[in-house]
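Working notes for the structure below.
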Amino acid sequence: MARVPSLFAPLTLPRRSRLDPVRPDLRTRYLIVLVLAALAAGIGSTWAVLGEKPPVGAVKLGPWQSFPRLGSADIDPYGRAILARGPHLPLAAGEGIQLNAATDSAGATLSGSCRYRISGTTLPSRGWTLVVANGASRPLTGTDAVGLTDADVLTDEAGKLSITASPQVSSGNWLRLPQQARFELILRFYDTPVSSSISQLDPAAVPRIDRLACEG
Amino acid sequence: MTHAALEQPIKATPPDRQSLSLAMRAASQQQLRRLMARGNFARMLHGLVLFLALAALAHILTTLLIPRYARQDSGSLFVVAGAEGRADLIGTDVTPETAIIDADPFTAIGVCGFDLTDGPLRVRARSGQLPLALSVHVRGGGVFYAVTDKAAQRGIIEFVVLNQLQFDARVARDDDGESIRELRVVSPVPQGIVVARALVKQPSDRQTAEALVRGMACGSAS
């Protein structure tokens, strides 16, 4: 009599002896490793992408960079995840504009061993502040805290400013830089009418950052 | 003899069985190797696609889930602020856990938390000499409303934060034809914070700015 093959034959496991430990076959092990590696890569890439600034949504204005969507209702998932990782209070879209610069106008990284001139025009606003932050975009606090407001700075007849940023004292408008390798500048304009049209702004509408000299 | 020998038909010697079997085995092995190479490539491609799809899925899921389960965002940390009916002053010099990471040292910041499941929230602030702005941040990140003191009427900025159901109930309660004298802001989520930010242009402005943001009143609007 011919044997009728069972319908469940493909699902039945081979019989194992008691002494034979249950080990997944090569294909199952390959799948487990693949899934674990993919999960690690996915979570690792999320961790790498969620730094201090979102990977998308940047608006470039000369050496300055802004992320206007961080302070709006249509914030992207990356921005939302970055804000969720620590107490942040970004400027709302109708409240003002925040610009960050990690490089000068020539594209070189800002360094505490150099002197810079920050010059040009500023956006129309009810006030602005210029703050020195560390390499992770966090404003320096305590005795290291440095910055200027529009009330501290003298402008020429055309309303253009010229600030010397250096670790050593300088005449005129001076922004003290910390003696450290890297820093960032954060420029905020409060109650500016251009906050909703920042992507259409001309880079000449914001100050330039020019390197004057470096030590060593 | 030579002629006769040449006239004899040439007989092809049949390959012996062993060499034939060796040749066939070589050919089949080559074919098998080719098939295996093709199979390996297909398997590698399949594995790569599966890896990329799973990694992308894990990336998207973690990015979307971080705000949902975060407890360190401002909306979660300050949700109980302003319980006394006045904004609590926060800034860079408070405890490191609640210090705003990117706060402007030239501003004074006051915060009121809200939970709309307890009812709508009425926010009222008085404008002053220093630039002042109020903004509503939701838990998990995002700002859905902001107003500056330019919008103040008789020196007062006032609005009501409520959810869609509360808004509908309020609209149904409104008398027809009567002008409504309150600004209603519908929040997409039940929890969040209202932030008052005043600019401190000079060190001597600090106390005035702090008094301005502390003066923001947040109370029930039921």
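Each chain in the structure tokens gets a letter, A, B, ..., in the order shown, and its residues are numbered from 1; ligands are numbered from 1 in order too.
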**Request:** Return the neighbours of chain B among the residues of chain A, cut-off 8 Å, counting only C-alpha atoms, as a PyMOL selection string.
**Result:** chain A and resi 34-35+37-43+45-46+70-75+77-81+83-90+92-95+126-127+129+131+137-139+141+149-152+190-191
**Request:** Mind the document's chain letters and residue numbers, and return as a PyMOL selection string the residues of region 6-99 of chain B that DSSP labels strand (DSSP E or B).
**Result:** chain B and resi 86+88-90
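A straight line drawn from CA of Cys214 (chain A) to CA of Leu187 (chain A) is 22.9 Å long.
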**Message:** If you run DSSP on the backbone here, which positions in region 75-107 of chain A get alpha helix (DSSP H)? Please write them as a list of chain:residue names.
**Reply:**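 Answer for region 75-107 of chain A restricted to alpha helix (DSSP H) is A:Pro77, A:Tyr78, A:Gly79, A:Arg80, A:Ala81, A:Ile82, A:Leu83, A:Ala84.
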**Request:** Quick one: everything within 12 Å of Val186 (chain B), counting only C-alpha atoms, minus sequence neighbours fewer than 4 positions away in the same chain. Send it as a list of chain:residue names.
**Result:**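 Contacts, with the query itself left out: B:Leu116, B:Pro120, B:Leu121, B:Val136, B:Val138, B:Phe144, B:Tyr145, B:Phe159, B:Val160, B:Val161, B:Leu162, B:Asn163, B:Gln164, B:Leu165, B:Gln166, B:Phe167, B:Asp168, B:Arg170, B:Pro190, B:Gln191.
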